[in-house]
$ cat my_file_39.txt   # compact mmCIF, C-alpha atoms
# COMPACT_ATOMS: atom_id res chain seq x y z
CA MET G 1 -11.64 -116.77 22.37
CA ALA G 2 -10.37 -115.70 19.00
CA ARG G 3 -9.90 -118.45 16.45
CA GLU G 4 -6.32 -118.99 15.35
CA PRO G 5 -5.53 -119.08 11.64
CA GLY G 6 -5.04 -122.54 10.30
CA GLY G 7 -7.88 -124.48 11.92
CA ALA G 8 -9.25 -127.75 10.68
CA GLY G 9 -10.50 -127.85 7.13
CA ARG G 10 -14.19 -127.89 6.38
CA SER G 11 -15.70 -131.22 5.48
CA GLY G 12 -17.75 -131.61 2.34
CA THR G 13 -17.24 -129.99 -1.02
CA ARG G 14 -17.92 -126.55 -2.42
CA ALA G 15 -19.01 -125.49 -5.85
CA PRO G 16 -16.14 -125.18 -8.32
CA ALA G 17 -14.51 -121.78 -8.55
CA ALA G 18 -16.18 -120.91 -11.81
CA ALA G 19 -19.62 -121.67 -10.43
CA PHE G 20 -20.45 -118.52 -8.52
CA PRO G 21 -24.20 -118.44 -9.13
CA VAL G 22 -26.27 -115.30 -9.26
CA GLY G 23 -27.15 -114.31 -5.68
CA GLY G 24 -26.62 -111.54 -3.22
CA PHE G 25 -24.62 -108.83 -5.01
CA CYS G 26 -23.08 -111.20 -7.57
CA ARG G 27 -25.25 -110.19 -10.48
CA ALA G 28 -25.26 -111.42 -14.04
CA PRO G 29 -23.25 -109.28 -16.45
CA ARG G 30 -25.31 -106.38 -17.73
CA VAL G 31 -26.79 -107.03 -21.15
CA PRO G 32 -25.20 -104.80 -23.82
CA GLY G 33 -27.45 -101.84 -24.56
CA GLY G 34 -28.26 -100.96 -20.94
CA ARG G 35 -31.29 -101.53 -18.73
CA ARG G 36 -33.83 -100.52 -21.40
CA ARG G 37 -32.43 -103.08 -23.82
CA GLN G 38 -32.35 -105.72 -21.05
CA ARG G 39 -36.00 -105.01 -20.20
CA GLN G 40 -36.96 -105.31 -23.86
CA ARG G 41 -35.15 -108.63 -24.18
CA ARG G 42 -36.87 -109.93 -21.06
CA GLN G 43 -40.27 -108.90 -22.40
CA GLN G 44 -39.47 -110.61 -25.69
CA GLY G 45 -38.58 -113.81 -23.88
CA ASP G 46 -34.84 -113.68 -24.46
CA PRO G 47 -33.56 -117.01 -23.06
CA GLU G 48 -30.30 -115.52 -21.75
CA VAL G 49 -32.06 -112.95 -19.56
CA ASN G 50 -34.83 -115.27 -18.46
CA THR G 51 -32.35 -118.03 -17.63
CA MET G 52 -30.45 -115.74 -15.26
CA SER G 53 -33.73 -114.74 -13.63
CA SER G 54 -34.73 -118.35 -13.21
CA LEU G 55 -31.30 -119.20 -11.77
CA HIS G 56 -31.76 -116.50 -9.15
CA LYS G 57 -35.23 -117.76 -8.30
CA SER G 58 -33.85 -121.28 -8.07
CA ARG G 59 -31.19 -120.15 -5.59
CA ILE G 60 -33.81 -118.43 -3.44
CA ALA G 61 -35.81 -121.66 -3.44
CA ASP G 62 -32.69 -123.63 -2.45
CA PHE G 63 -32.15 -121.37 0.56
CA GLN G 64 -35.79 -121.55 1.56
CA ASP G 65 -35.70 -125.34 1.40
CA VAL G 66 -32.71 -125.49 3.73
CA LEU G 67 -34.09 -122.91 6.16
CA LYS G 68 -37.54 -124.49 6.53
CA GLU G 69 -36.18 -127.79 7.84
CA PRO G 70 -36.68 -128.46 11.57
CA THR G 71 -32.90 -128.81 11.90
CA ILE G 72 -30.81 -126.67 9.57
CA ALA G 73 -28.23 -128.60 7.54
CA LEU G 74 -25.27 -126.34 8.32
CA GLU G 75 -22.94 -127.69 5.66
CA LYS G 76 -25.56 -127.21 2.98
CA LEU G 77 -26.30 -123.69 4.20
CA ARG G 78 -22.58 -122.85 4.15
CA GLU G 79 -22.21 -124.22 0.66
CA LEU G 80 -25.09 -122.10 -0.62
CA SER G 81 -24.06 -118.98 1.30
CA PHE G 82 -20.45 -119.15 0.13
CA SER G 83 -21.57 -118.19 -3.38
CA GLY G 84 -23.66 -115.25 -2.19
CA ILE G 85 -26.88 -114.98 -0.21
CA PRO G 86 -29.94 -113.46 -1.93
CA CYS G 87 -31.26 -110.40 -0.12
CA GLU G 88 -34.91 -111.17 -0.92
CA GLY G 89 -37.20 -112.17 1.92
CA GLY G 90 -34.66 -111.44 4.64
CA LEU G 91 -32.61 -114.50 3.68
CA ARG G 92 -29.26 -112.84 4.29
CA CYS G 93 -30.28 -111.59 7.75
CA LEU G 94 -31.40 -115.04 8.81
CA CYS G 95 -28.39 -116.83 7.32
CA TRP G 96 -25.92 -114.49 9.01
CA LYS G 97 -27.55 -115.07 12.38
CA ILE G 98 -27.11 -118.80 11.94
CA LEU G 99 -23.59 -118.62 10.50
CA LEU G 100 -22.48 -116.33 13.36
CA ASN G 101 -23.87 -118.78 15.93
CA TYR G 102 -26.55 -116.42 17.21
CA LEU G 103 -29.36 -118.78 16.21
CA PRO G 104 -29.04 -122.53 16.78
CA LEU G 105 -29.68 -125.11 14.08
CA GLU G 106 -32.96 -126.23 15.70
CA ARG G 107 -35.73 -123.97 14.45
CA ALA G 108 -38.05 -124.84 17.33
CA SER G 109 -35.80 -123.01 19.81
CA TRP G 110 -35.46 -119.78 17.84
CA SER G 111 -38.40 -117.96 19.42
CA SER G 112 -37.37 -118.65 23.00
CA ILE G 113 -33.70 -117.85 22.40
CA LEU G 114 -34.46 -114.61 20.60
CA ALA G 115 -36.84 -113.53 23.37
CA LYS G 116 -34.24 -114.36 26.03
CA GLN G 117 -31.38 -112.56 24.26
CA ARG G 118 -33.44 -109.48 23.47
CA GLU G 119 -34.56 -109.21 27.07
CA LEU G 120 -30.94 -109.60 28.16
CA TYR G 121 -29.98 -106.72 25.91
CA SER G 122 -32.75 -104.60 27.43
CA GLN G 123 -31.23 -105.37 30.81
CA PHE G 124 -27.84 -104.15 29.53
CA LEU G 125 -29.51 -100.91 28.49
CA ARG G 126 -31.02 -100.48 31.95
CA GLU G 127 -27.72 -101.11 33.69
CA MET G 128 -25.23 -99.34 31.43
CA ILE G 129 -26.84 -96.38 29.72
CA ILE G 130 -26.99 -94.48 32.98
CA GLN G 131 -26.01 -91.25 34.66
CA PRO G 132 -25.08 -91.65 38.35
CA GLY G 133 -27.46 -89.86 40.67
CA ILE G 134 -30.42 -89.66 38.21
CA ALA G 135 -33.67 -91.24 39.37
CA LYS G 136 -34.72 -94.42 37.57
CA ALA G 137 -38.44 -94.03 38.13
CA ASN G 138 -39.59 -96.58 35.59
CA MET G 139 -37.11 -99.17 36.84
CA GLY G 140 -38.56 -99.13 40.33
CA VAL G 141 -35.45 -97.53 41.83
CA SER G 142 -35.96 -94.34 43.80
CA ARG G 143 -33.46 -91.49 43.90
CA GLU G 144 -30.70 -92.10 46.40
CA ASP G 145 -29.29 -89.48 48.72
CA VAL G 146 -25.91 -88.38 47.47
CA THR G 147 -23.27 -89.94 49.72
CA PHE G 148 -19.49 -89.70 49.74
CA GLU G 149 -19.37 -92.82 47.56
CA ASP G 150 -21.46 -91.08 44.91
CA HIS G 151 -19.82 -87.68 45.15
CA PRO G 152 -18.07 -86.51 41.94
CA LEU G 153 -14.94 -85.60 43.93
CA ASN G 154 -14.60 -89.01 45.55
CA PRO G 155 -10.97 -90.04 44.81
CA ASN G 156 -11.77 -93.77 44.89
CA PRO G 157 -11.01 -95.06 41.34
CA ASP G 158 -13.90 -97.51 41.63
CA SER G 159 -16.48 -94.92 42.61
CA ARG G 160 -19.52 -94.53 40.38
CA TRP G 161 -18.50 -91.05 39.26
CA ASN G 162 -14.94 -92.07 38.37
CA THR G 163 -16.37 -94.97 36.41
CA TYR G 164 -18.68 -92.53 34.67
CA PHE G 165 -15.79 -90.23 33.73
CA ARG G 166 -13.69 -93.16 32.45
CA ASP G 167 -16.63 -94.33 30.37
CA ASN G 168 -16.85 -90.84 28.89
CA GLU G 169 -13.36 -91.21 27.46
CA VAL G 170 -14.38 -94.38 25.64
CA LEU G 171 -17.70 -92.87 24.60
CA LEU G 172 -16.12 -89.81 23.03
CA GLN G 173 -13.96 -91.94 20.74
CA ILE G 174 -16.93 -94.13 19.81
CA ASP G 175 -19.02 -91.04 19.10
CA LYS G 176 -16.33 -89.57 16.88
CA ASP G 177 -16.07 -92.76 14.83
CA VAL G 178 -19.73 -93.69 14.43
CA ARG G 179 -20.71 -90.22 13.24
CA ARG G 180 -18.53 -90.74 10.17
CA LEU G 181 -19.58 -94.33 9.54
CA CYS G 182 -20.12 -95.11 5.83
CA PRO G 183 -20.17 -91.45 4.74
CA ASP G 184 -20.78 -92.49 1.11
CA ILE G 185 -24.40 -93.33 2.03
CA SER G 186 -26.92 -91.40 4.12
CA PHE G 187 -28.37 -94.42 5.93
CA PHE G 188 -26.60 -93.96 9.26
CA GLN G 189 -27.61 -90.29 9.49
CA ARG G 190 -31.29 -91.08 8.89
CA ALA G 191 -33.77 -91.74 11.69
CA THR G 192 -34.46 -95.33 12.62
CA GLU G 193 -38.05 -96.57 12.44
CA TYR G 194 -37.59 -98.23 15.82
CA PRO G 195 -35.97 -95.85 18.32
CA CYS G 196 -35.15 -97.24 21.73
CA LEU G 197 -38.26 -96.37 23.74
CA LEU G 198 -36.62 -97.50 26.96
CA ILE G 199 -34.26 -94.54 26.68
CA LEU G 200 -36.31 -92.03 24.71
CA ASP G 201 -39.52 -92.46 26.70
CA PRO G 202 -40.17 -89.00 28.24
CA GLN G 203 -41.53 -90.68 31.38
CA ASN G 204 -38.04 -91.72 32.47
CA GLU G 205 -34.98 -89.61 33.14
CA PHE G 206 -32.33 -91.47 31.19
CA GLU G 207 -30.03 -89.33 29.10
CA THR G 208 -29.07 -90.49 25.63
CA LEU G 209 -25.43 -91.09 24.81
CA ARG G 210 -25.63 -88.20 22.35
CA LYS G 211 -26.64 -85.80 25.13
CA ARG G 212 -23.99 -87.24 27.37
CA VAL G 213 -21.35 -86.47 24.75
CA GLU G 214 -22.69 -82.97 24.20
CA GLN G 215 -22.65 -82.21 27.91
CA THR G 216 -19.23 -83.57 28.77
CA THR G 217 -16.34 -81.16 29.19
CA LEU G 218 -13.70 -83.66 28.07
CA LYS G 219 -11.93 -82.93 24.81
CA SER G 220 -12.11 -85.68 22.23
CA GLN G 221 -8.56 -84.95 21.14
CA THR G 222 -7.23 -86.21 24.47
CA VAL G 223 -8.86 -89.60 24.19
CA ALA G 224 -8.14 -90.57 20.58
CA ARG G 225 -7.01 -94.17 20.62
CA ASN G 226 -5.65 -96.14 17.71
CA ARG G 227 -4.85 -99.81 18.05
CA SER G 228 -1.48 -99.80 16.34
CA GLY G 229 -0.34 -96.22 16.07
CA VAL G 230 -1.83 -95.89 12.60
CA THR G 231 -3.15 -92.37 12.41
CA ASN G 232 -5.73 -93.01 9.68
CA MET G 233 -7.53 -96.28 9.14
CA SER G 234 -9.98 -94.86 6.61
CA SER G 235 -9.72 -95.58 2.92
CA PRO G 236 -9.34 -93.04 0.11
CA HIS G 237 -12.52 -94.64 -1.28
CA LYS G 238 -14.46 -93.09 1.58
CA ASN G 239 -15.63 -89.50 1.49
CA SER G 240 -14.72 -87.21 4.35
CA ALA G 241 -17.29 -87.09 7.10
CA PRO G 242 -18.61 -83.78 8.38
CA SER G 243 -16.06 -82.24 10.68
CA SER G 244 -18.52 -80.67 13.07
CA LEU G 245 -21.37 -82.21 15.00
CA ASN G 246 -23.50 -79.28 13.86
CA GLU G 247 -23.22 -80.38 10.23
CA TYR G 248 -25.57 -83.29 10.92
CA GLU G 249 -29.29 -82.81 10.66
CA VAL G 250 -30.89 -82.44 14.07
CA LEU G 251 -33.65 -84.98 14.51
CA PRO G 252 -36.83 -84.09 16.43
CA ASN G 253 -37.35 -85.25 20.00
CA GLY G 254 -38.24 -88.91 20.26
CA CYS G 255 -36.16 -89.82 17.20
CA GLU G 256 -32.65 -91.15 16.91
CA ALA G 257 -30.34 -91.76 13.97
CA HIS G 258 -28.99 -95.16 13.05
CA TRP G 259 -25.49 -94.06 14.07
CA GLU G 260 -26.78 -93.50 17.60
CA VAL G 261 -27.92 -97.13 17.71
CA VAL G 262 -24.47 -98.26 16.58
CA GLU G 263 -22.92 -96.01 19.23
CA ARG G 264 -25.02 -97.69 21.91
CA ILE G 265 -24.03 -101.17 20.73
CA LEU G 266 -20.33 -100.32 20.84
CA PHE G 267 -20.59 -98.60 24.22
CA ILE G 268 -22.29 -101.59 25.80
CA TYR G 269 -19.75 -103.93 24.24
CA ALA G 270 -16.94 -101.81 25.70
CA LYS G 271 -18.55 -101.89 29.15
CA LEU G 272 -18.95 -105.66 29.05
CA ASN G 273 -15.45 -106.27 27.71
CA PRO G 274 -13.17 -103.95 29.70
CA GLY G 275 -10.08 -105.92 28.68
CA ILE G 276 -10.38 -104.64 25.12
CA ALA G 277 -13.11 -101.98 25.56
CA TYR G 278 -13.36 -100.04 22.30
CA VAL G 279 -10.65 -99.71 19.66
CA GLN G 280 -10.90 -97.59 16.55
CA GLY G 281 -12.07 -99.78 13.67
CA MET G 282 -14.68 -101.75 15.58
CA ASN G 283 -17.24 -99.32 14.20
CA GLU G 284 -16.36 -100.56 10.70
CA ILE G 285 -17.10 -104.13 11.80
CA VAL G 286 -20.46 -103.44 13.44
CA GLY G 287 -21.65 -101.11 10.66
CA PRO G 288 -22.35 -103.72 7.93
CA LEU G 289 -23.94 -106.06 10.47
CA TYR G 290 -26.34 -103.42 11.71
CA TYR G 291 -27.14 -102.16 8.22
CA THR G 292 -28.04 -105.68 7.11
CA PHE G 293 -30.33 -106.32 10.07
CA ALA G 294 -31.85 -102.83 10.10
CA THR G 295 -32.90 -103.18 6.45
CA ASP G 296 -34.49 -106.60 6.94
CA PRO G 297 -37.79 -106.67 5.02
CA ASN G 298 -39.30 -108.61 7.92
CA SER G 299 -40.48 -105.81 10.23
CA GLU G 300 -40.73 -108.14 13.25
CA TRP G 301 -37.00 -108.91 12.98
CA LYS G 302 -36.10 -105.40 11.87
CA GLU G 303 -37.55 -104.00 15.09
CA HIS G 304 -34.92 -105.90 17.07
CA ALA G 305 -31.97 -105.06 14.82
CA GLU G 306 -30.08 -103.41 17.70
CA ALA G 307 -30.13 -106.41 20.04
CA ASP G 308 -29.51 -108.92 17.25
CA THR G 309 -26.59 -106.87 15.93
CA PHE G 310 -25.06 -106.66 19.40
CA PHE G 311 -24.96 -110.42 19.89
CA CYS G 312 -23.79 -111.17 16.33
CA PHE G 313 -21.09 -108.52 16.71
CA THR G 314 -20.05 -110.01 20.05
CA ASN G 315 -19.77 -113.47 18.49
CA LEU G 316 -17.79 -112.13 15.55
CA MET G 317 -15.45 -110.18 17.82
CA ALA G 318 -14.81 -113.35 19.81
CA GLU G 319 -13.12 -114.67 16.67
CA ILE G 320 -11.24 -111.56 15.55
CA ARG G 321 -10.62 -109.61 18.75
CA ASP G 322 -6.95 -110.68 18.82
CA ASN G 323 -6.44 -108.44 15.78
CA PHE G 324 -7.26 -105.46 18.00
CA ILE G 325 -4.96 -106.39 20.90
CA LYS G 326 -1.50 -104.95 20.34
CA SER G 327 0.19 -107.19 22.91
CA LEU G 328 -0.77 -110.23 20.81
CA ASP G 329 0.55 -108.85 17.51
CA ASP G 330 3.55 -111.17 17.33
CA SER G 331 1.79 -114.27 18.61
CA GLN G 332 0.44 -116.96 16.31
CA CYS G 333 -3.06 -115.53 16.71
CA GLY G 334 -1.94 -111.92 16.24
CA ILE G 335 -2.25 -109.64 13.25
CA THR G 336 1.47 -109.69 12.38
CA TYR G 337 1.38 -113.45 11.87
CA LYS G 338 -1.65 -113.12 9.60
CA MET G 339 -0.08 -110.37 7.53
CA GLU G 340 3.04 -112.45 7.04
CA LYS G 341 0.88 -115.39 6.03
CA VAL G 342 -0.60 -113.29 3.22
CA TYR G 343 2.92 -112.83 1.86
CA SER G 344 3.87 -116.47 2.36
CA THR G 345 0.77 -117.49 0.41
CA LEU G 346 1.69 -115.00 -2.32
CA LYS G 347 5.20 -116.45 -2.41
CA ASP G 348 3.77 -119.92 -3.07
CA LYS G 349 1.35 -118.69 -5.75
CA ASP G 350 3.32 -115.95 -7.52
CA MET G 351 7.03 -115.80 -6.74
CA GLU G 352 7.70 -113.02 -9.27
CA LEU G 353 5.18 -110.67 -7.71
CA TYR G 354 6.35 -111.57 -4.21
CA MET G 355 9.96 -110.73 -5.12
CA LYS G 356 8.89 -107.42 -6.69
CA LEU G 357 7.15 -106.32 -3.49
CA GLN G 358 10.14 -107.46 -1.43
CA GLU G 359 12.58 -105.54 -3.65
CA GLN G 360 10.51 -102.38 -3.21
CA ASN G 361 10.36 -102.98 0.54
CA ILE G 362 6.55 -102.91 0.46
CA LYS G 363 5.68 -104.57 3.73
CA PRO G 364 2.25 -106.14 4.36
CA GLN G 365 1.82 -103.77 7.31
CA PHE G 366 1.45 -100.93 4.80
CA PHE G 367 -1.86 -102.26 3.47
CA ALA G 368 -2.80 -105.70 4.81
CA PHE G 369 -3.19 -104.46 8.38
CA ARG G 370 -6.32 -102.58 7.39
CA TRP G 371 -7.51 -105.28 4.99
CA LEU G 372 -7.38 -107.99 7.66
CA THR G 373 -8.33 -106.06 10.78
CA LEU G 374 -11.41 -104.48 9.22
CA LEU G 375 -12.40 -107.51 7.10
CA LEU G 376 -12.02 -105.42 3.91
CA SER G 377 -14.82 -103.11 5.04
CA GLN G 378 -12.80 -100.02 4.07
CA GLU G 379 -11.71 -101.24 0.65
CA PHE G 380 -15.10 -101.55 -1.04
CA LEU G 381 -18.52 -99.97 -0.98
CA LEU G 382 -20.98 -101.32 1.57
CA PRO G 383 -22.98 -103.64 -0.74
CA ASP G 384 -19.74 -105.25 -1.92
CA VAL G 385 -18.46 -105.62 1.65
CA ILE G 386 -21.68 -107.42 2.54
CA ARG G 387 -21.22 -109.76 -0.43
CA ILE G 388 -17.66 -110.56 0.66
CA TRP G 389 -18.89 -111.25 4.18
CA ASP G 390 -21.37 -113.81 2.81
CA SER G 391 -18.39 -115.91 1.77
CA LEU G 392 -16.33 -115.19 4.90
CA PHE G 393 -19.14 -116.13 7.26
CA ALA G 394 -20.01 -119.24 5.24
CA ASP G 395 -16.53 -120.72 5.42
CA ASP G 396 -15.81 -122.32 8.77
CA ASN G 397 -12.17 -121.37 8.21
CA ARG G 398 -13.50 -117.94 7.33
CA PHE G 399 -10.49 -115.95 8.39
CA GLU G 400 -8.14 -118.39 6.72
CA PHE G 401 -10.17 -117.67 3.59
CA LEU G 402 -9.74 -113.93 4.21
CA LEU G 403 -5.98 -114.39 3.87
CA VAL G 404 -6.55 -116.07 0.52
CA VAL G 405 -8.85 -113.25 -0.57
CA CYS G 406 -6.10 -110.74 0.22
CA CYS G 407 -3.62 -112.79 -1.79
CA ALA G 408 -6.09 -112.90 -4.69
CA MET G 409 -6.40 -109.11 -4.57
CA LEU G 410 -2.63 -108.83 -5.06
CA ILE G 411 -2.49 -111.32 -7.92
CA LEU G 412 -5.37 -109.68 -9.78
CA ILE G 413 -3.35 -106.46 -10.09
CA ARG G 414 0.01 -108.19 -10.62
CA GLU G 415 0.71 -106.54 -13.99
CA GLN G 416 0.22 -103.07 -12.54
CA LEU G 417 2.34 -103.92 -9.51
CA LEU G 418 5.14 -105.39 -11.63
CA GLU G 419 5.27 -102.25 -13.75
CA GLY G 420 4.87 -99.70 -10.93
CA ASP G 421 7.44 -98.07 -8.69
CA PHE G 422 7.11 -97.86 -4.92
CA THR G 423 4.86 -94.77 -4.97
CA VAL G 424 2.53 -96.11 -7.65
CA ASN G 425 2.24 -99.49 -5.98
CA MET G 426 1.54 -98.05 -2.57
CA ARG G 427 -1.24 -95.99 -4.10
CA LEU G 428 -2.68 -99.12 -5.74
CA LEU G 429 -2.62 -101.09 -2.51
CA GLN G 430 -4.05 -98.34 -0.35
CA ASP G 431 -6.75 -97.45 -2.87
CA TYR G 432 -7.52 -100.83 -4.43
CA PRO G 433 -8.58 -100.38 -8.07
CA ILE G 434 -10.77 -103.45 -8.74
CA THR G 435 -14.42 -103.05 -7.77
CA ASP G 436 -15.77 -106.40 -9.00
CA VAL G 437 -15.77 -108.36 -5.75
CA CYS G 438 -17.10 -111.49 -7.44
CA GLN G 439 -13.98 -111.58 -9.60
CA ILE G 440 -11.89 -111.33 -6.43
CA LEU G 441 -13.84 -114.06 -4.63
CA GLN G 442 -13.68 -116.36 -7.63
CA LYS G 443 -9.90 -115.92 -7.86
CA ALA G 444 -9.61 -116.57 -4.11
CA LYS G 445 -11.63 -119.77 -4.51
CA GLU G 446 -9.28 -120.90 -7.27
CA LEU G 447 -6.28 -120.26 -5.04
CA GLN G 448 -7.91 -122.08 -2.13
CA ASP G 449 -8.73 -125.11 -4.26
CA SER G 450 -5.17 -125.28 -5.56
CA GLN G 451 -3.63 -125.50 -2.08
$ encode --input "my_file_39.txt" --output "structure tokens"
Amino acid sequence: MAREPGGAGRSGTRAPAAAFPVGGFCRAPRVPGGRRRQRQRRQQGDPEVNTMSSLHKSRIADFQDVLKEPTIALEKLRELSFSGIPCEGGLRCLCWKILLNYLPLERASWSSILAKQRELYSQFLREMIIQPGIAKANMGVSREDVTFEDHPLNPNPDSRWNTYFRDNEVLLQIDKDVRRLCPDISFFQRATEYPCLLILDPQNEFETLRKRVEQTTLKSQTVARNRSGVTNMSSPHKNSAPSSLNEYEVLPNGCEAHWEVVERILFIYAKLNPGIAYVQGMNEIVGPLYYTFATDPNSEWKEHAEADTFFCFTNLMAEIRDNFIKSLDDSQCGITYKMEKVYSTLKDKDMELYMKLQEQNIKPQFFAFRWLTLLLSQEFLLPDVIRIWDSLFADDNRFEFLLVVCCAMLILIREQLLEGDFTVNMRLLQDYPITDVCQILQKAKELQDSQ
């Protein structure tokens, strides 16, 4: 069940707003003179450079101390993670799994839970990445004689073939979206080191989702689905993705690209959650999760990035899925309420800016819909999105904090907004100009502490 905005406050204290230590993607300011000058100063024992390095090492040690305890101190982990999680040693991957309630606080149960969940995901693959009528030799199921129930022309809406055709409609939209995921980097078009052998094993007769898309006769234009009638949820920051499937490099047999793994995760989620299925934008939520887990330096965990991403994504969607359900828009847990709360927070913090936006009839729906629904994943480059998510996941009122982050983004460009007309301001809000996410998070922390 999605968490409503305005839950109970988190106990304990956080670091003051000005104390965002070096960690994750919050780096120390670059030393004047560039990297060569910084390297020279480090070699010469410059205390400023060496102090920042020692601070970073100290933060890594703090995380390691918390994570090696038999029972993880959740409040301490949240406090550390809120200021950015170091990427060294797979710390971020592990912390996210704990903060998203995939791993319990008791370390002793991790191995058994991971084994159970990964086997469960394998079972989902066996059951859902199927083509009716194809033999499942390796699963111990022999080919069945085609009966009326299995015939493609069976008019029964619950027949296996009708289910297959309905699934194709969802799959085509997923395929369209995941192929253009994070086009500013090549990661999702590259081959994964750990392809799904259950599907790609030549001994069995499973077809991949990619082949299923290529073979279908449905037209993707007829199944485009957008959650709120918004025709384009992508940001001007993002480059255009290739318009044709042929523009992607064809991988050799036995290989699959990272986007194909993401496609499988979303397809299985849609099958298991028919009430919401797949809605455009979910690909932008699963993308940073999968990227983080698939680049884990720990190869043993990296091998299971697909299964781990699926369950973390499922847990995250349990909290934000109401944003994707149009019928809930005007409820207290819906996206309209949250967008209005961004403006009400702005009204409390900066009445002049609030009145300016009101006078220009700039509604939060024009920009905050995408900010909130996609957790800012379209407003910044992937490394910065991941850094923002460190703080969101660490705060147990994480989506209350997201509202404050959005308010901070408005206040940080207040001078430009106060001077601009409607056209200029809409361009600013739809193509946000500030790229220093640590500045944004620090301002949001100041606003949160002043409430």
$ atom_distance --input "my_file_39.txt" --atom1 "CA of Leu374 in chain G" --atom2 "CA of Lys76 in chain G"
27.5 Å
$ residues_around --input "my_file_39.txt" --residues "Arg427 in chain G" --least-positions-apart "5" --cutoff "10 Å" --atoms "all atoms listed in the file" --output "list in words"
Pro236, Phe367, Gly420, Phe422, Tyr432 and Pro433 of chain G
$ atom_distance --input "my_file_39.txt" --atom1 "CA of Arg78 in chain G" --atom2 "CA of Phe324 in chain G"
27.0 Å
$ residues_around --input "my_file_39.txt" --residues "range 312-317 of chain G" --least-positions-apart "3" --cutoff "10 Å" --atoms "all atoms listed in the file" --output "list in words"
Met1, Ala2, Trp96, Lys97, Ile98, Leu99, Leu100, Asn101, Tyr102, Leu103, Ile265, Leu266, Tyr269, Asn273, Met282, Ile285, Val286, Gly287, Leu289, Tyr290, Ala307, Asp308, Thr309, Ile320, Arg321, Asp322, Asn323, Phe324 and Phe393 of chain G
$ residues_around --input "my_file_39.txt" --residues "range 335-342 of chain G" --least-positions-apart "6" --cutoff "8 Å" --atoms "all atoms listed in the file" --output "VMD selection string"
chain G and resid 5 322 to 323 328 to 329 364 to 365 368 to 369 372 to 373 403 to 404 406 to 407
$ residues_near_point --input "my_file_39.txt" --point "(-29.9, -121.8, 12.7)" --cutoff "7 Å" --atoms "all atoms listed in the file" --output "PyMOL selection string"
chain G and resi 72+98+103-107
$ closest_residue --input "my_file_39.txt" --among "G:Ala318, G:Leu114, G:Val385, G:Leu251" --to "Leu441 in chain G" --atoms "only C-alpha atoms"
G:Val385
$ closest_residue --input "my_file_39.txt" --among "G:Arg179, G:Tyr278, G:Cys95, G:Lys443" --to "Leu74 in chain G" --atoms "all atoms listed in the file"
G:Cys95
$ closest_residue --input "my_file_39.txt" --among "G:Gln280, G:Gln360, G:Ser81, G:Ser391" --to "Ile60 in chain G" --atoms "only C-alpha atoms"
G:Ser81
$ closest_residue --input "my_file_39.txt" --among "G:Arg166, G:Arg180, G:His304, G:Lys271" --to "Cys196 in chain G" --atoms "all atoms listed in the file"
G:His304
$ atom_distance --input "my_file_39.txt" --atom1 "CA of Leu272 in chain G" --atom2 "CA of Leu198 in chain G"
19.6 Å
$ residues_around --input "my_file_39.txt" --residues "Val437 in chain G" --least-positions-apart "4" --cutoff "12 Å" --atoms "all atoms listed in the file" --output "JSON, numbers by chain"
{"G": [20, 24, 25, 26, 27, 83, 84, 376, 379, 380, 381, 382, 383, 384, 385, 386, 387, 388, 389, 390, 391, 405, 406, 408, 409, 412, 432, 433, 441, 442, 443, 444]}
$ closest_residue --input "my_file_39.txt" --among "G:Glu400, G:Val262, G:Cys438, G:Ile174" --to "Val213 in chain G" --atoms "only C-alpha atoms"
G:Ile174
$ closest_residue --input "my_file_39.txt" --among "G:Glu79, G:Val261, G:Ile276, G:Ser344" --to "Lys326 in chain G" --atoms "only C-alpha atoms"
G:Ile276
$ residues_around --input "my_file_39.txt" --residues "Tyr354 in chain G" --least-positions-apart "2" --cutoff "10 Å" --atoms "all atoms listed in the file" --output "PDB file with C-alpha atoms, keeping the file's coordinate frame"
ATOM      1  CA  TYR G 343       2.920-112.830   1.860  1.00  0.00           C
ATOM      2  CA  SER G 344       3.870-116.470   2.360  1.00  0.00           C
ATOM      3  CA  THR G 345       0.770-117.490   0.410  1.00  0.00           C
ATOM      4  CA  LEU G 346       1.690-115.000  -2.320  1.00  0.00           C
ATOM      5  CA  LYS G 347       5.200-116.450  -2.410  1.00  0.00           C
ATOM      6  CA  ASP G 348       3.770-119.920  -3.070  1.00  0.00           C
ATOM      7  CA  LYS G 349       1.350-118.690  -5.750  1.00  0.00           C
ATOM      8  CA  ASP G 350       3.320-115.950  -7.520  1.00  0.00           C
ATOM      9  CA  MET G 351       7.030-115.800  -6.740  1.00  0.00           C
ATOM     10  CA  GLU G 352       7.700-113.020  -9.270  1.00  0.00           C
ATOM     11  CA  LYS G 356       8.890-107.420  -6.690  1.00  0.00           C
ATOM     12  CA  LEU G 357       7.150-106.320  -3.490  1.00  0.00           C
ATOM     13  CA  GLN G 358      10.140-107.460  -1.430  1.00  0.00           C
ATOM     14  CA  GLU G 359      12.580-105.540  -3.650  1.00  0.00           C
ATOM     15  CA  ILE G 362       6.550-102.910   0.460  1.00  0.00           C
ATOM     16  CA  LEU G 410      -2.630-108.830  -5.060  1.00  0.00           C
ATOM     17  CA  ILE G 411      -2.490-111.320  -7.920  1.00  0.00           C
ATOM     18  CA  ARG G 414       0.010-108.190 -10.620  1.00  0.00           C
ATOM     19  CA  LEU G 418       5.140-105.390 -11.630  1.00  0.00           C
TER      20      LEU G 418
END
$ decode --input "my_file_39.txt" --residues "range 392-397 of chain G" --atoms "C-alpha atoms" --output "compact mmCIF listing (two decimals), in the first residue's frame"
# COMPACT_ATOMS: atom_id res chain seq x y z
CA LEU G 392 15.15 10.00 -0.24
CA PHE G 393 15.62 6.37 0.73
CA ALA G 394 17.33 7.30 4.00
CA ASP G 395 14.48 9.46 5.26
CA ASP G 396 11.59 7.42 6.60
CA ASN G 397 9.33 10.25 5.46
